Each structure stands twice: as structure tokens, then as C-alpha cells.
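Below: the structure, in C-alpha cells.
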Amino acid sequence: MGSRQGGRVGPVNGRSAHAALPGSLRSSLGTVAGLAALVVAVLGVLYAGDGEPGRVDRWVVRPTADSVRPPWRTVALALDFLGEPVGAAMLLSAVVTGCLLLRRPRSAVLAVVGAGLTVGTATLLKSLVGRTIHGDNLSYPSGHTAFATTLALVVALAAAGRPGLGRPAGTSLVLAAALTAGAAMGWAEVVLGAHYPTDVLGGWCTALAVVPAAAWLVDRAADRMADRPCDRTADAGRRERR
């Protein structure tokens, strides 16, 4: 059986694999995930059934049809496209391919599983919370923001698993990547009038709550699969000695 050292899983049957969730970051990201889940729940309760921007939303920005003009409108539309089905599939494929080329199969699996769980959670929350924008369009939390943040987290977790990168630096890297991706997509969604600012915050926190848990599950499943050949080999050895 392999041994764990930092964010890397030691040799298993002559091979090695990088953890989707570096061991040095588990406690810190677990705390972040818990706080993020709390924020998602509180905002969901505060804005349940609303169809208007809240006080915080009006304080942050009041988007109109002319909130952003070219060339920034083009940038916003391009970012928004990356959260649509076709653009999201392209972006997810690029991340998965990159992870496989870098020999990080667990990160590749996390990209798919994490994106599915995060978007699925956001979709479920939209139905439960029932907040709307522009009529009957469900808005809380922002699925686009959740998706973009998820992929940024996957890439950052893979980078944070490099040997020699300590917990403070690794945690900072992961959170900075999540903030950058979430802010970029969130900005696009708000200026295009697709979401309220608090929808964006909810989407960002949804990813922060779901991805660490998904990464832990991916590692746990992979470890169990890796242990089975070892167990079978040990059982065979015992039978031969009898």
C-alpha cells in the first residue's frame, strides 16, 4: 500500500498518483468549505422568493442595458459563453486534457465530478430558494460563477500539490485562483444583467463548499481502488505459504 506525503500519494504497485486534495490543505480548506456553505445557506434564506435586488445588490451596482459597452461588453459576453453548455464543455475538456497530459488523473476526475456536483447543487438551490430576475428566471446562486470557480479550484489544487509548497502558500494559491475566476465570471454576469451581485457570491461560495468535499471523495475512492490489488496479492501470498 502507498503512503501519503504532503499532497502526493506514495508508490502503489510501482506507480504513484497525485492527490486531488493535497493533504496539507485538508484542514484549512475544510474550514473554508464549512464557512462557504454557511454563507450559501444564509443568503438563500434572506433572498428566498425575492424578485428584486436586495439592499446589498443596489449598493454594489445597478446594472442597466448600458452598464458595459464595447470592448468590455465583448469581454463580458465571452466570459458568459464559457458558462453556457458549449463553452463550458470546451473549457472542461481543456482542463481535463491538461490534467491528463500532466499525469494527474485524479485532478481530471475531480474536474468532471466537481463540475457536475457544483452545477447540480446550484441548480437544486435555484429551485429551493426561488429567487428570480427578469420575470421568472431563477437566479440564486449563479451557476456560471460556480462553474468557473470550480475549474479554477481544480487547477489550483493540482498546482498546490507540488512538493515544497507549504500549507500557507498552497491555501493562498487556491483561494486566489478561486477569487480571480469567480470575480471575473461574476462581473460578467452582473454587468450583463443576468444575476444580482449576491447571486454571484452565492455561486462562488457554492463551489468553495462543494469542491473540497468532492476532491476528498475522489481521493478516497482512488485509494480504495489502489488498495484492492495489494490486498489480492497479499491474500495470494498467504495461500501459497499454507
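Naming works like this for the C-alpha cells: A, B, ... for the chains as they're shown, residue 1 at the start of each chain, ligands 1 onward in shown order.
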For this session: Could you pull out the residues in region 30-192 of chain A that DSSP calls alpha helix (DSSP H) from the backbone, as a ChimeraX atom specification?
Result: /A:30-46,55-60,72-81,85-101,105-129,143-160,167-191
For this session: Please provide the set of residues having any atom within 10 Å of Ala159 (chain A), restricted to only C-alpha atoms, with same-chain residues fewer than 6 positions apart removed, written as a ChimeraX atom specification.
Result: /A:7,22,153,165,170,173-174
Keeping only N, CA and C atoms, write those residues as a short mmCIF file (atom, residue, chain, number, x, y, z; two decimals), in the first residue's frame.
data_model
loop_
_atom_site.label_atom_id
_atom_site.label_comp_id
_atom_site.auth_asym_id
_atom_site.auth_seq_id
_atom_site.Cartn_x
_atom_site.Cartn_y
_atom_site.Cartn_z
N GLY A 7 0.93 16.45 -0.44
CA GLY A 7 -0.16 16.36 -1.38
C GLY A 7 0.03 15.24 -2.36
N PRO A 22 -4.61 18.02 -1.78
CA PRO A 22 -3.36 17.86 -1.04
C PRO A 22 -3.61 17.72 0.45
N LEU A 153 -10.50 26.09 -9.05
CA LEU A 153 -10.09 25.35 -7.85
C LEU A 153 -9.38 24.05 -8.22
N LEU A 165 5.67 23.10 -1.50
CA LEU A 165 4.74 24.22 -1.33
C LEU A 165 3.98 24.00 -0.04
N GLY A 170 0.04 27.22 -0.29
CA GLY A 170 -0.93 26.44 -1.05
C GLY A 170 -2.35 26.95 -0.87
N LEU A 173 -2.77 30.21 -2.73
CA LEU A 173 -2.86 29.98 -4.17
C LEU A 173 -4.26 29.54 -4.56
N VAL A 174 -4.80 28.60 -3.82
CA VAL A 174 -6.13 28.07 -4.13
C VAL A 174 -7.20 29.16 -4.00
#
Problem set entry | Residue nearest Ala215 (chain A) among A:Leu110, A:Ala181, A:Leu124, A:Ala146 (counting only C-alpha atoms) | A:Leu110
For this session: Can you pull out every residue within 10 Å of Val56 (chain A), counting only C-alpha atoms, but drop anything in the same chain fewer than 6 positions away, and send it as a PyMOL selection string?
Result: chain A and resi 196-198
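Once Ser28 (chain A) and its same-chain neighbours fewer than 5 positions away are set aside, A:Ala33, A:Arg167, A:Thr171 remain within 9 Å of it when counting only C-alpha atoms.
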